[in-house]
>>> print(open('model-v8.tsv').read())   # TSV, C-alpha atoms (C1' of nucleotides) and all ligand atoms
chain	number	residue	atom	x	y	z
R	1	MET	CA	55.76	43.24	-13.25
R	2	LYS	CA	58.16	45.14	-15.53
R	3	ILE	CA	58.72	48.86	-15.38
R	4	GLY	CA	56.34	49.71	-18.21
R	5	GLU	CA	53.43	47.98	-16.56
R	6	LEU	CA	54.03	49.58	-13.16
R	7	ALA	CA	54.36	52.97	-14.80
R	8	LYS	CA	51.04	52.49	-16.56
R	9	ARG	CA	49.32	51.33	-13.38
R	10	LEU	CA	50.58	54.41	-11.53
R	11	ASP	CA	50.09	56.74	-14.48
R	12	ILE	CA	53.64	58.04	-14.41
R	13	SER	CA	56.57	57.59	-16.77
R	14	THR	CA	59.22	54.89	-16.65
R	15	ASP	CA	61.75	57.69	-16.43
R	16	THR	CA	60.15	58.85	-13.21
R	17	LEU	CA	60.36	55.37	-11.71
R	18	ARG	CA	64.06	55.10	-12.56
R	19	TYR	CA	64.56	58.63	-11.25
R	20	TYR	CA	62.96	57.76	-7.92
R	21	GLU	CA	65.06	54.62	-7.62
R	22	LYS	CA	68.23	56.53	-8.40
R	23	HIS	CA	67.38	59.18	-5.84
R	24	GLY	CA	66.68	56.77	-3.02
R	25	LEU	CA	62.89	56.97	-2.95
R	26	LEU	CA	61.91	53.68	-4.52
R	27	SER	CA	63.70	50.57	-3.24
R	28	PHE	CA	65.83	48.64	-5.67
R	29	SER	CA	63.94	45.86	-7.36
R	30	GLU	CA	65.05	42.44	-8.50
R	31	ARG	CA	66.29	42.04	-12.04
R	32	ASN	CA	65.55	39.18	-14.37
R	33	GLU	CA	68.22	37.42	-16.44
R	34	SER	CA	68.19	40.22	-18.99
R	35	GLY	CA	68.69	42.91	-16.40
R	36	TYR	CA	65.09	44.13	-16.53
R	37	ARG	CA	63.64	45.52	-13.32
R	38	ILE	CA	60.95	43.25	-11.88
R	39	TYR	CA	58.58	44.90	-9.42
R	40	SER	CA	56.44	43.34	-6.72
R	41	PRO	CA	53.20	44.60	-5.14
R	42	LYS	CA	55.42	45.85	-2.31
R	43	HIS	CA	57.02	48.27	-4.75
R	44	GLU	CA	53.66	49.40	-6.01
R	45	LYS	CA	52.57	50.09	-2.43
R	46	GLN	CA	55.71	52.07	-1.83
R	47	MET	CA	55.08	54.13	-4.94
R	48	GLN	CA	51.53	54.79	-3.83
R	49	PHE	CA	52.87	56.13	-0.55
R	50	ILE	CA	55.23	58.38	-2.44
R	51	LEU	CA	52.59	59.63	-4.83
R	52	ARG	CA	50.12	60.22	-2.02
R	53	ALA	CA	52.74	62.17	-0.08
R	54	LYS	CA	53.34	64.26	-3.19
R	55	THR	CA	49.61	64.88	-3.45
R	56	VAL	CA	49.52	66.48	-0.03
R	57	GLY	CA	52.47	68.71	-0.89
R	58	PHE	CA	55.59	66.97	0.35
R	59	SER	CA	58.72	67.39	-1.77
R	60	LEU	CA	60.77	64.38	-2.78
R	61	LYS	CA	63.36	65.28	-0.19
R	62	GLU	CA	60.74	65.41	2.51
R	63	ILE	CA	59.27	62.15	1.30
R	64	GLN	CA	62.70	60.61	1.72
R	65	GLU	CA	62.60	61.59	5.38
R	66	LEU	CA	59.13	60.12	5.77
R	67	LEU	CA	60.23	56.90	4.11
R	68	ALA	CA	63.28	56.70	6.36
R	69	ILE	CA	60.99	56.86	9.37
R	70	LYS	CA	58.52	54.48	7.78
R	71	VAL	CA	61.04	51.70	7.21
R	72	GLU	CA	62.34	52.00	10.75
R	73	LYS	CA	59.14	52.71	12.60
R	74	GLN	CA	60.54	51.16	15.76
R	75	GLN	CA	63.30	53.74	15.88
R	76	HIS	CA	61.06	56.78	15.49
R	77	SER	CA	58.20	58.45	17.24
R	78	CYS	CA	54.83	59.84	16.26
R	79	GLY	CA	56.17	63.23	17.29
R	80	GLU	CA	58.83	63.18	14.60
R	81	VAL	CA	56.30	62.45	11.90
R	82	LYS	CA	53.97	65.13	13.13
R	83	GLN	CA	56.81	67.62	13.28
R	84	LEU	CA	57.68	67.01	9.63
R	85	THR	CA	54.04	67.51	8.76
R	86	LEU	CA	53.72	70.73	10.76
R	87	GLN	CA	57.00	72.08	9.37
R	88	LYS	CA	55.73	71.47	5.89
R	89	ARG	CA	52.44	73.11	6.67
R	90	GLN	CA	54.25	76.21	7.87
R	91	ILE	CA	56.23	76.40	4.63
R	92	VAL	CA	53.00	76.05	2.68
R	93	ARG	CA	51.32	78.73	4.77
R	94	ASP	CA	54.21	81.12	4.23
R	95	LYS	CA	54.02	80.59	0.50
R	96	ILE	CA	50.29	81.16	0.54
R	97	ALA	CA	50.78	84.41	2.41
R	98	GLU	CA	53.31	85.63	-0.14
R	99	LEU	CA	51.08	84.71	-3.04
R	100	GLN	CA	48.14	86.43	-1.41
R	101	ARG	CA	50.18	89.62	-1.21
R	102	PHE	CA	50.89	89.22	-4.91
R	103	GLU	CA	47.23	88.63	-5.60
R	104	LYS	CA	46.21	91.73	-3.73
R	105	SER	CA	48.78	93.92	-5.47
R	106	LEU	CA	47.86	92.58	-8.88
R	107	SER	CA	44.18	93.13	-8.18
R	108	LEU	CA	44.81	96.71	-7.16
R	109	LEU	CA	46.81	97.28	-10.31
R	110	ALA	CA	44.23	95.63	-12.54
R	111	ASP	CA	41.30	97.44	-10.96
R	112	ALA	CA	42.89	100.82	-11.52
R	113	CYS	CA	43.51	100.18	-15.22
R	114	CYS	CA	40.74	100.79	-17.74
R	115	GLY	CA	41.99	97.98	-19.93
R	116	GLY	CA	40.72	99.69	-23.05
R	117	PRO	CA	42.20	100.17	-26.50
R	118	GLU	CA	43.82	103.48	-25.57
R	119	LEU	CA	47.56	103.91	-25.90
R	120	ALA	CA	49.52	102.61	-22.95
R	121	THR	CA	51.11	106.00	-22.45
R	122	GLY	CA	48.90	106.78	-19.50
R	123	CYS	CA	48.34	103.26	-18.23
R	124	SER	CA	48.03	103.34	-14.47
R	125	ILE	CA	49.67	99.95	-14.11
R	126	LEU	CA	52.86	101.18	-15.76
R	127	THR	CA	52.84	104.50	-13.95
R	128	THR	CA	52.29	102.83	-10.61
R	129	LEU	CA	55.22	100.50	-11.19
R	130	GLU	CA	57.28	103.52	-12.20
R	131	ALA	CA	56.24	105.60	-9.23
R	132	ALA	CA	58.79	106.36	-6.58
R	133	ASP	CA	56.47	105.88	-3.66
R	134	ASP	CA	55.25	102.39	-2.99
R	135	ILE	CA	51.52	102.62	-3.41
R	136	VAL	CA	51.34	99.05	-4.54
R	137	ILE	CA	52.32	97.01	-1.53
F	138	MET	CA	77.55	106.06	-11.06
F	139	LYS	CA	79.44	102.78	-11.23
F	140	ILE	CA	77.87	99.39	-10.76
F	141	GLY	CA	78.83	99.02	-7.13
F	142	GLU	CA	77.15	102.25	-6.16
F	143	LEU	CA	73.94	101.46	-8.03
F	144	ALA	CA	73.88	98.01	-6.50
F	145	LYS	CA	74.21	99.51	-3.02
F	146	ARG	CA	71.47	102.06	-3.68
F	147	LEU	CA	69.13	99.32	-4.85
F	148	ASP	CA	70.27	96.84	-2.23
F	149	ILE	CA	71.01	94.12	-4.76
F	150	SER	CA	74.27	92.57	-5.95
F	151	THR	CA	76.41	93.70	-8.86
F	152	ASP	CA	76.01	90.20	-10.23
F	153	THR	CA	72.28	90.75	-10.37
F	154	LEU	CA	72.70	94.00	-12.30
F	155	ARG	CA	74.95	92.31	-14.85
F	156	TYR	CA	72.52	89.41	-15.00
F	157	TYR	CA	69.60	91.70	-15.76
F	158	GLU	CA	71.58	93.48	-18.44
F	159	LYS	CA	72.60	90.21	-20.03
F	160	HIS	CA	69.02	88.98	-20.02
F	161	GLY	CA	67.55	92.06	-21.63
F	162	LEU	CA	65.93	93.65	-18.60
F	163	LEU	CA	68.28	96.51	-17.87
F	164	SER	CA	69.33	98.67	-20.81
F	165	PHE	CA	72.99	98.74	-21.73
F	166	SER	CA	74.83	101.55	-20.07
F	167	GLU	CA	77.70	103.67	-21.26
F	168	ARG	CA	81.21	102.56	-20.48
F	169	ASN	CA	84.08	104.75	-19.38
F	170	GLU	CA	87.60	104.56	-20.86
F	171	SER	CA	88.38	101.53	-18.70
F	172	GLY	CA	85.28	99.65	-19.77
F	173	TYR	CA	83.43	100.21	-16.52
F	174	ARG	CA	79.65	100.49	-16.72
F	175	ILE	CA	78.45	104.02	-15.96
F	176	TYR	CA	74.81	104.31	-14.94
F	177	SER	CA	72.49	107.29	-15.11
F	178	PRO	CA	69.38	108.07	-13.04
F	179	LYS	CA	67.43	106.68	-16.00
F	180	HIS	CA	68.94	103.30	-15.30
F	181	GLU	CA	68.13	103.56	-11.64
F	182	LYS	CA	64.51	104.36	-12.52
F	183	GLN	CA	64.39	101.37	-14.81
F	184	MET	CA	65.72	99.12	-12.07
F	185	GLN	CA	63.14	100.48	-9.65
F	186	PHE	CA	60.43	99.55	-12.12
F	187	ILE	CA	61.87	96.06	-12.39
F	188	LEU	CA	62.19	95.60	-8.65
F	189	ARG	CA	58.71	96.94	-8.03
F	190	ALA	CA	57.30	94.58	-10.66
F	191	LYS	CA	59.08	91.73	-8.91
F	192	THR	CA	57.55	92.83	-5.63
F	193	VAL	CA	54.05	92.39	-6.98
F	194	GLY	CA	54.89	88.92	-8.26
F	195	PHE	CA	55.91	89.27	-11.89
F	196	SER	CA	58.66	86.94	-13.11
F	197	LEU	CA	61.62	88.32	-15.01
F	198	LYS	CA	60.16	87.03	-18.24
F	199	GLU	CA	56.90	88.80	-17.58
F	200	ILE	CA	58.76	91.95	-16.62
F	201	GLN	CA	60.47	91.79	-19.99
F	202	GLU	CA	57.07	91.94	-21.64
F	203	LEU	CA	56.04	94.86	-19.47
F	204	LEU	CA	59.25	96.68	-20.33
F	205	ALA	CA	58.75	96.01	-24.02
F	206	ILE	CA	55.37	97.70	-23.79
F	207	LYS	CA	56.72	100.46	-21.60
F	208	VAL	CA	59.44	101.53	-24.02
F	209	GLU	CA	56.99	101.56	-26.92
F	210	LYS	CA	53.93	102.88	-25.19
F	211	GLN	CA	52.66	104.37	-28.43
F	212	GLN	CA	52.49	100.94	-30.01
F	213	HIS	CA	50.56	99.29	-27.22
F	214	SER	CA	47.25	99.60	-25.44
F	215	CYS	CA	46.09	99.71	-21.86
F	216	GLY	CA	44.28	96.46	-22.60
F	217	GLU	CA	47.50	94.62	-23.24
F	218	VAL	CA	49.01	95.71	-19.97
F	219	LYS	CA	45.87	94.81	-18.07
F	220	GLN	CA	45.76	91.43	-19.76
F	221	LEU	CA	49.30	90.62	-18.62
F	222	THR	CA	48.32	91.63	-15.12
F	223	LEU	CA	45.16	89.55	-15.10
F	224	GLN	CA	46.96	86.56	-16.59
F	225	LYS	CA	49.52	86.77	-13.84
F	226	ARG	CA	46.84	87.09	-11.23
F	227	GLN	CA	45.20	83.92	-12.52
F	228	ILE	CA	48.48	82.03	-12.27
F	229	VAL	CA	48.89	83.30	-8.73
F	230	ARG	CA	45.34	82.34	-7.84
F	231	ASP	CA	45.83	78.83	-9.21
F	232	LYS	CA	48.98	78.42	-7.15
F	233	ILE	CA	47.19	79.65	-4.06
F	234	ALA	CA	44.40	77.16	-4.63
F	235	GLU	CA	46.88	74.30	-4.92
F	236	LEU	CA	48.71	75.34	-1.79
F	237	GLN	CA	45.45	75.65	0.09
F	238	ARG	CA	44.64	72.07	-0.84
F	239	PHE	CA	48.05	71.11	0.53
F	240	GLU	CA	47.42	73.09	3.68
F	241	LYS	CA	44.10	71.39	4.27
F	242	SER	CA	45.51	67.90	3.72
F	243	LEU	CA	48.46	68.56	5.98
F	244	SER	CA	46.19	69.94	8.68
F	245	LEU	CA	43.97	66.87	8.53
F	246	LEU	CA	47.03	64.64	8.79
F	247	ALA	CA	48.52	66.61	11.66
F	248	ASP	CA	45.26	66.81	13.59
F	249	ALA	CA	44.81	63.06	13.46
F	250	CYS	CA	48.29	62.36	14.85
F	251	CYS	CA	48.91	62.42	18.58
F	252	GLY	CA	52.43	63.69	18.05
F	253	GLY	CA	53.63	61.96	21.18
F	254	PRO	CA	56.75	59.97	22.00
F	255	GLU	CA	55.15	56.64	21.02
F	256	LEU	CA	56.73	54.53	18.33
F	257	ALA	CA	55.74	55.54	14.85
F	258	THR	CA	54.42	52.05	14.14
F	259	GLY	CA	50.85	53.16	14.51
F	260	CYS	CA	51.22	56.77	13.36
F	261	SER	CA	48.07	57.83	11.60
F	262	ILE	CA	49.99	60.08	9.22
F	263	LEU	CA	52.00	57.15	7.91
F	264	THR	CA	49.04	54.82	7.76
F	265	THR	CA	46.92	57.38	5.97
F	266	LEU	CA	49.61	57.89	3.36
F	267	GLU	CA	49.88	54.12	3.03
F	268	ALA	CA	46.16	53.59	2.78
F	269	ALA	CA	44.70	52.45	-0.49
F	270	ASP	CA	41.67	54.70	-0.40
F	271	ASP	CA	42.21	58.41	-0.71
F	272	ILE	CA	41.02	59.79	2.57
F	273	VAL	CA	43.47	62.61	2.42
F	274	ILE	CA	42.37	64.73	-0.48
E	275	DG	C1'	64.14	36.66	-39.62
E	276	DT	C1'	62.92	40.84	-39.03
E	277	DT	C1'	59.86	44.43	-37.40
E	278	DG	C1'	58.26	46.78	-33.36
E	279	DA	C1'	57.66	47.23	-28.65
E	280	DC	C1'	59.97	46.70	-24.86
E	281	DC	C1'	64.10	47.24	-21.72
E	282	DT	C1'	69.09	49.03	-20.38
E	283	DT	C1'	72.64	52.94	-19.28
E	284	DT	C1'	74.81	57.45	-19.44
E	285	DG	C1'	74.60	62.01	-19.95
E	286	DA	C1'	72.63	66.21	-21.11
E	287	DG	C1'	68.70	69.61	-21.16
E	288	DT	C1'	64.76	72.18	-18.96
E	289	DT	C1'	63.16	76.20	-15.76
E	290	DT	C1'	64.20	80.40	-12.66
E	291	DA	C1'	67.00	83.70	-10.81
E	292	DC	C1'	70.76	84.21	-9.47
E	293	DT	C1'	75.64	83.20	-7.25
E	294	DC	C1'	80.41	82.12	-7.24
E	295	DA	C1'	85.12	81.43	-8.92
E	296	DA	C1'	89.00	82.39	-11.70
E	297	DA	C1'	92.00	85.40	-13.77
E	298	DG	C1'	92.92	89.62	-14.68
E	299	DG	C1'	92.74	95.14	-15.39
E	300	DT	C1'	91.92	99.92	-12.74
E	301	DT	C1'	91.59	103.25	-9.20
E	302	DT	C1'	92.36	105.09	-4.66
E	303	DA	C1'	94.74	105.69	-0.55
E	304	DT	C1'	98.76	105.61	2.16
Z	305	DA	C1'	104.90	101.85	-4.87
Z	306	DT	C1'	101.95	98.82	-3.23
Z	307	DA	C1'	97.82	97.14	-1.03
Z	308	DA	C1'	92.86	97.33	-0.96
Z	309	DA	C1'	88.90	97.91	-3.19
Z	310	DC	C1'	87.03	98.33	-7.25
Z	311	DC	C1'	85.87	96.75	-12.06
Z	312	DT	C1'	85.92	93.26	-16.29
Z	313	DT	C1'	84.73	88.59	-18.70
Z	314	DT	C1'	83.73	83.70	-19.09
Z	315	DG	C1'	82.01	79.78	-17.44
Z	316	DA	C1'	80.25	76.82	-14.07
Z	317	DG	C1'	77.13	75.65	-10.16
Z	318	DT	C1'	72.59	75.69	-7.44
Z	319	DA	C1'	67.67	73.87	-6.46
Z	320	DA	C1'	63.61	70.63	-8.04
Z	321	DA	C1'	61.78	67.14	-10.50
Z	322	DC	C1'	61.87	65.41	-14.07
Z	323	DT	C1'	62.46	64.66	-19.42
Z	324	DC	C1'	64.76	63.42	-23.54
Z	325	DA	C1'	68.28	61.53	-26.62
Z	326	DA	C1'	71.62	58.22	-27.99
Z	327	DA	C1'	73.11	53.78	-28.53
Z	328	DG	C1'	72.21	49.47	-27.74
Z	329	DG	C1'	70.19	44.68	-25.77
Z	330	DT	C1'	65.69	41.52	-25.54
Z	331	DC	C1'	61.49	39.46	-26.72
Z	332	DA	C1'	57.04	38.23	-29.08
Z	333	DA	C1'	54.65	37.97	-33.28
Z	334	DC	C1'	54.01	37.30	-38.13
X	401	ZN	ZN	43.60	102.89	-19.65
X	402	ZN	ZN	46.10	100.65	-18.09
X	403	ZN	ZN	50.64	58.83	17.86
X	404	ZN	ZN	51.39	60.03	14.45
>>> encode(input="model-v8.tsv", output="structure tokens", more="lines below")
Ligand SMILES: [Zn+2]
Ligand SMILES: [Zn+2]
Ligand SMILES: [Zn+2]
Ligand SMILES: [Zn+2]
Amino acid sequence: MKIGELAKRLDISTDTLRYYEKHGLLSFSERNESGYRIYSPKHEKQMQFILRAKTVGFSLKEIQELLAIKVEKQQHSCGEVKQLTLQKRQIVRDKIAELQRFEKSLSLLADACCGGPELATGCSILTTLEAADDIVI
Amino acid sequence: MKIGELAKRLDISTDTLRYYEKHGLLSFSERNESGYRIYSPKHEKQMQFILRAKTVGFSLKEIQELLAIKVEKQQHSCGEVKQLTLQKRQIVRDKIAELQRFEKSLSLLADACCGGPELATGCSILTTLEAADDIVI
DNA sequence: GTTGACCTTTGAGTTTACTCAAAGGTTTAT
DNA sequence: ATAAACCTTTGAGTAAACTCAAAGGTCAAC
């Protein structure tokens, strides 16, 4: 299978496949006489792992760590894998918490503003952001 | 007030102040005979607006729009300001939703893994990410 | 036998918000 | 007078994950 076909099957671009190879995520493939990459089902499986890991929120760097464990399963423990997963979850939770603070502040701002066609001179959103005391957060 | 003093008062770096000026967020200041930037309380107020807007989640680009409205309040309506705020809130909500999907998937993965010192050969996290059918999401 | 759809590589651009370095001019303190 | 602590500009680097362009080789079809 050449790169175009694999890309179509995975619904990603050929650029992405070359990018993953270059960055150590996708194993090198064989090349035919013309230098074209020739992929096997093993490569497709590996890509599915990568894409599934992305789906659950892992970054490419984190996926690299998972892959490193995966190819040397004998050298690693369940605990290591779980730790990576829990670490990631904590990062995600922290981001959620920050965004929820944003959401709350923005809601407070929006609720206090009439949103009408009046001039923005007295807009409570602007005046709140100007205000010296932090009402917002 | 020179740049170092303003930076200290705002607890940001002088680089950041120059960066904001260069990118159209902070108004140009006067310069003294030596070419040093000299800031007035007006500039400090403006920076406080910017920093407060950042605190509630606005990006620098969005803050530019807010500032554009703010300096020409007569030309703009409350509705415009509220719309920017609601737009931002929607972006934030979408991001939260995505992260919550991540959080759920990661929790499912973590809960299914024993996390012990066993070899990772049978780790359910790895096998789930390998699996052909999408149990995860 | 040439068009068009593939494939190759290298290198640069995108986004966001800074951060740092280099090379130099100015002010303040001793 | 000289060292330390400021200030200036320009330009480059960072993270993350691609994405695109240029310039060219390969292959199948008509
Ligand atoms: Zn109003
Ligand atoms: Zn308003
Ligand atoms: Zn286990
Ligand atoms: Zn496990």
>>> residues_near_ligand(input="model-v8.tsv", ligand="ligand ZN 403 (chain X)", cutoff="10 Å", atoms="all atoms listed in the file", output="list in words")
Ser77, Cys78, Gly79, Glu80, Val81 and Lys82 of chain R; Ala249, Cys250, Cys251, Gly252, Gly253, Pro254, Glu255, Leu256, Ala257, Thr258, Gly259, Cys260, Ser261 and Ile262 of chain F
>>> interface_residues(input="model-v8.tsv", of="chain E", to="chain F", cutoff="10 Å", atoms="all atoms listed in the file", output="ChimeraX atom specification")
/E:290-294,299-300
>>> write_last_selection(input="model-v8.tsv", atoms="C-alpha atoms (C1' of nucleotides)", output="PDB file, in the coordinates of the input")
ATOM      1  C1'  DT E 290      64.200  80.400 -12.660  1.00  0.00           C
ATOM      2  C1'  DA E 291      67.000  83.700 -10.810  1.00  0.00           C
ATOM      3  C1'  DC E 292      70.760  84.210  -9.470  1.00  0.00           C
ATOM      4  C1'  DT E 293      75.640  83.200  -7.250  1.00  0.00           C
ATOM      5  C1'  DC E 294      80.410  82.120  -7.240  1.00  0.00           C
ATOM      6  C1'  DG E 299      92.740  95.140 -15.390  1.00  0.00           C
ATOM      7  C1'  DT E 300      91.920  99.920 -12.740  1.00  0.00           C
TER       8       DT E 300
END
>>> residues_near_point(input="model-v8.tsv", point="(92.7, 83.9, -15.7)", cutoff="12 Å", atoms="all atoms listed in the file", output="PyMOL selection string")
(chain E and resi 295-299) or (chain Z and resi 312-315)
>>> atom_distance(input="model-v8.tsv", atom1="atom CA of F:Lys182", atom2="atom CA of F:Leu163")
10.2 Å
>>> closest_residue(input="model-v8.tsv", among="R:Lys73, R:Ala110, R:Asp94, R:Ser105", to="ligand ZN 404 (chain X)", atoms="only C-alpha atoms and all ligand atoms")
R:Lys73
>>> axis_aligned_box(input="model-v8.tsv", around="stretch 318-330 of chain Z", padding_each_side="5 Å", output="JSON")
{"center_x": 67.4, "center_y": 58.6, "center_z": -17.5, "size_x": 21.3, "size_y": 44.2, "size_z": 32.1}
>>> atom_distance(input="model-v8.tsv", atom1="atom CA of R:Ile38", atom2="atom CA of R:Ile3")
7.0 Å
>>> closest_residue(input="model-v8.tsv", among="F:Gly141, F:Lys225, F:Arg189, F:Leu266", to="ligand ZN 404 (chain X)", atoms="only C-alpha atoms and all ligand atoms")
F:Leu266
>>> atom_distance(input="model-v8.tsv", atom1="atom C1' of Z:DA320", atom2="atom CA of F:Ser244")
24.2 Å
>>> residues_around(input="model-v8.tsv", residues="E:DT276", least_positions_apart="2", cutoff="12 Å", atoms="only C-alpha atoms (C1' of nucleotides)", output="list in words")
DG278 of chain E; DA332, DA333 and DC334 of chain Z
>>> build_atoms(input="model-v8.tsv", residues="stretch 234-242 of chain F", atoms="all heavy atoms", output="short mmCIF file (atom, residue, chain, number, x, y, z; two decimals), in the frame of the given file")
data_model
loop_
_atom_site.label_atom_id
_atom_site.label_comp_id
_atom_site.auth_asym_id
_atom_site.auth_seq_id
_atom_site.Cartn_x
_atom_site.Cartn_y
_atom_site.Cartn_z
N ALA F 234 45.39 78.23 -4.79
CA ALA F 234 44.40 77.16 -4.63
C ALA F 234 45.09 75.82 -4.38
O ALA F 234 44.67 75.04 -3.51
CB ALA F 234 43.51 77.08 -5.86
N GLU F 235 46.16 75.56 -5.12
CA GLU F 235 46.88 74.30 -4.92
C GLU F 235 47.48 74.24 -3.52
O GLU F 235 47.37 73.22 -2.83
CB GLU F 235 47.98 74.15 -5.97
CG GLU F 235 48.67 72.79 -5.89
CD GLU F 235 49.84 72.64 -6.83
OE1 GLU F 235 50.43 73.67 -7.22
OE2 GLU F 235 50.16 71.50 -7.19
N LEU F 236 48.09 75.32 -3.12
CA LEU F 236 48.71 75.34 -1.79
C LEU F 236 47.67 75.22 -0.69
O LEU F 236 47.93 74.63 0.36
CB LEU F 236 49.54 76.62 -1.63
CG LEU F 236 50.82 76.66 -2.47
CD1 LEU F 236 51.48 78.03 -2.37
CD2 LEU F 236 51.79 75.58 -2.04
N GLN F 237 46.50 75.77 -0.93
CA GLN F 237 45.45 75.65 0.09
C GLN F 237 44.96 74.21 0.21
O GLN F 237 44.62 73.76 1.31
CB GLN F 237 44.30 76.61 -0.22
CG GLN F 237 44.65 78.05 0.19
CD GLN F 237 43.63 79.07 -0.25
OE1 GLN F 237 42.83 78.81 -1.18
NE2 GLN F 237 43.64 80.24 0.38
N ARG F 238 44.96 73.50 -0.92
CA ARG F 238 44.64 72.07 -0.84
C ARG F 238 45.70 71.35 -0.02
O ARG F 238 45.39 70.50 0.83
CB ARG F 238 44.55 71.47 -2.24
CG ARG F 238 43.26 71.82 -2.98
CD ARG F 238 43.07 70.96 -4.23
NE ARG F 238 44.12 71.16 -5.23
CZ ARG F 238 44.10 72.10 -6.16
NH1 ARG F 238 43.10 72.97 -6.20
NH2 ARG F 238 45.08 72.20 -7.02
N PHE F 239 46.96 71.70 -0.26
CA PHE F 239 48.05 71.11 0.53
C PHE F 239 47.84 71.42 2.01
O PHE F 239 47.94 70.55 2.87
CB PHE F 239 49.41 71.67 0.10
CG PHE F 239 49.87 71.19 -1.25
CD1 PHE F 239 50.95 71.80 -1.87
CD2 PHE F 239 49.25 70.14 -1.90
CE1 PHE F 239 51.41 71.36 -3.11
CE2 PHE F 239 49.70 69.69 -3.14
CZ PHE F 239 50.78 70.32 -3.74
N GLU F 240 47.55 72.66 2.29
CA GLU F 240 47.42 73.09 3.68
C GLU F 240 46.31 72.30 4.38
O GLU F 240 46.48 71.82 5.51
CB GLU F 240 47.10 74.59 3.72
CG GLU F 240 47.52 75.28 5.00
CD GLU F 240 46.45 75.25 6.07
OE1 GLU F 240 45.28 74.91 5.75
OE2 GLU F 240 46.75 75.54 7.22
N LYS F 241 45.23 72.12 3.68
CA LYS F 241 44.10 71.39 4.27
C LYS F 241 44.48 69.93 4.54
O LYS F 241 44.23 69.40 5.63
CB LYS F 241 42.91 71.46 3.32
CG LYS F 241 41.60 71.09 3.95
CD LYS F 241 40.43 71.29 2.99
CE LYS F 241 39.15 70.68 3.55
NZ LYS F 241 38.08 70.63 2.52
N SER F 242 45.10 69.30 3.55
CA SER F 242 45.51 67.90 3.72
C SER F 242 46.49 67.76 4.87
O SER F 242 46.38 66.84 5.70
CB SER F 242 46.14 67.38 2.44
OG SER F 242 45.20 67.43 1.37
#
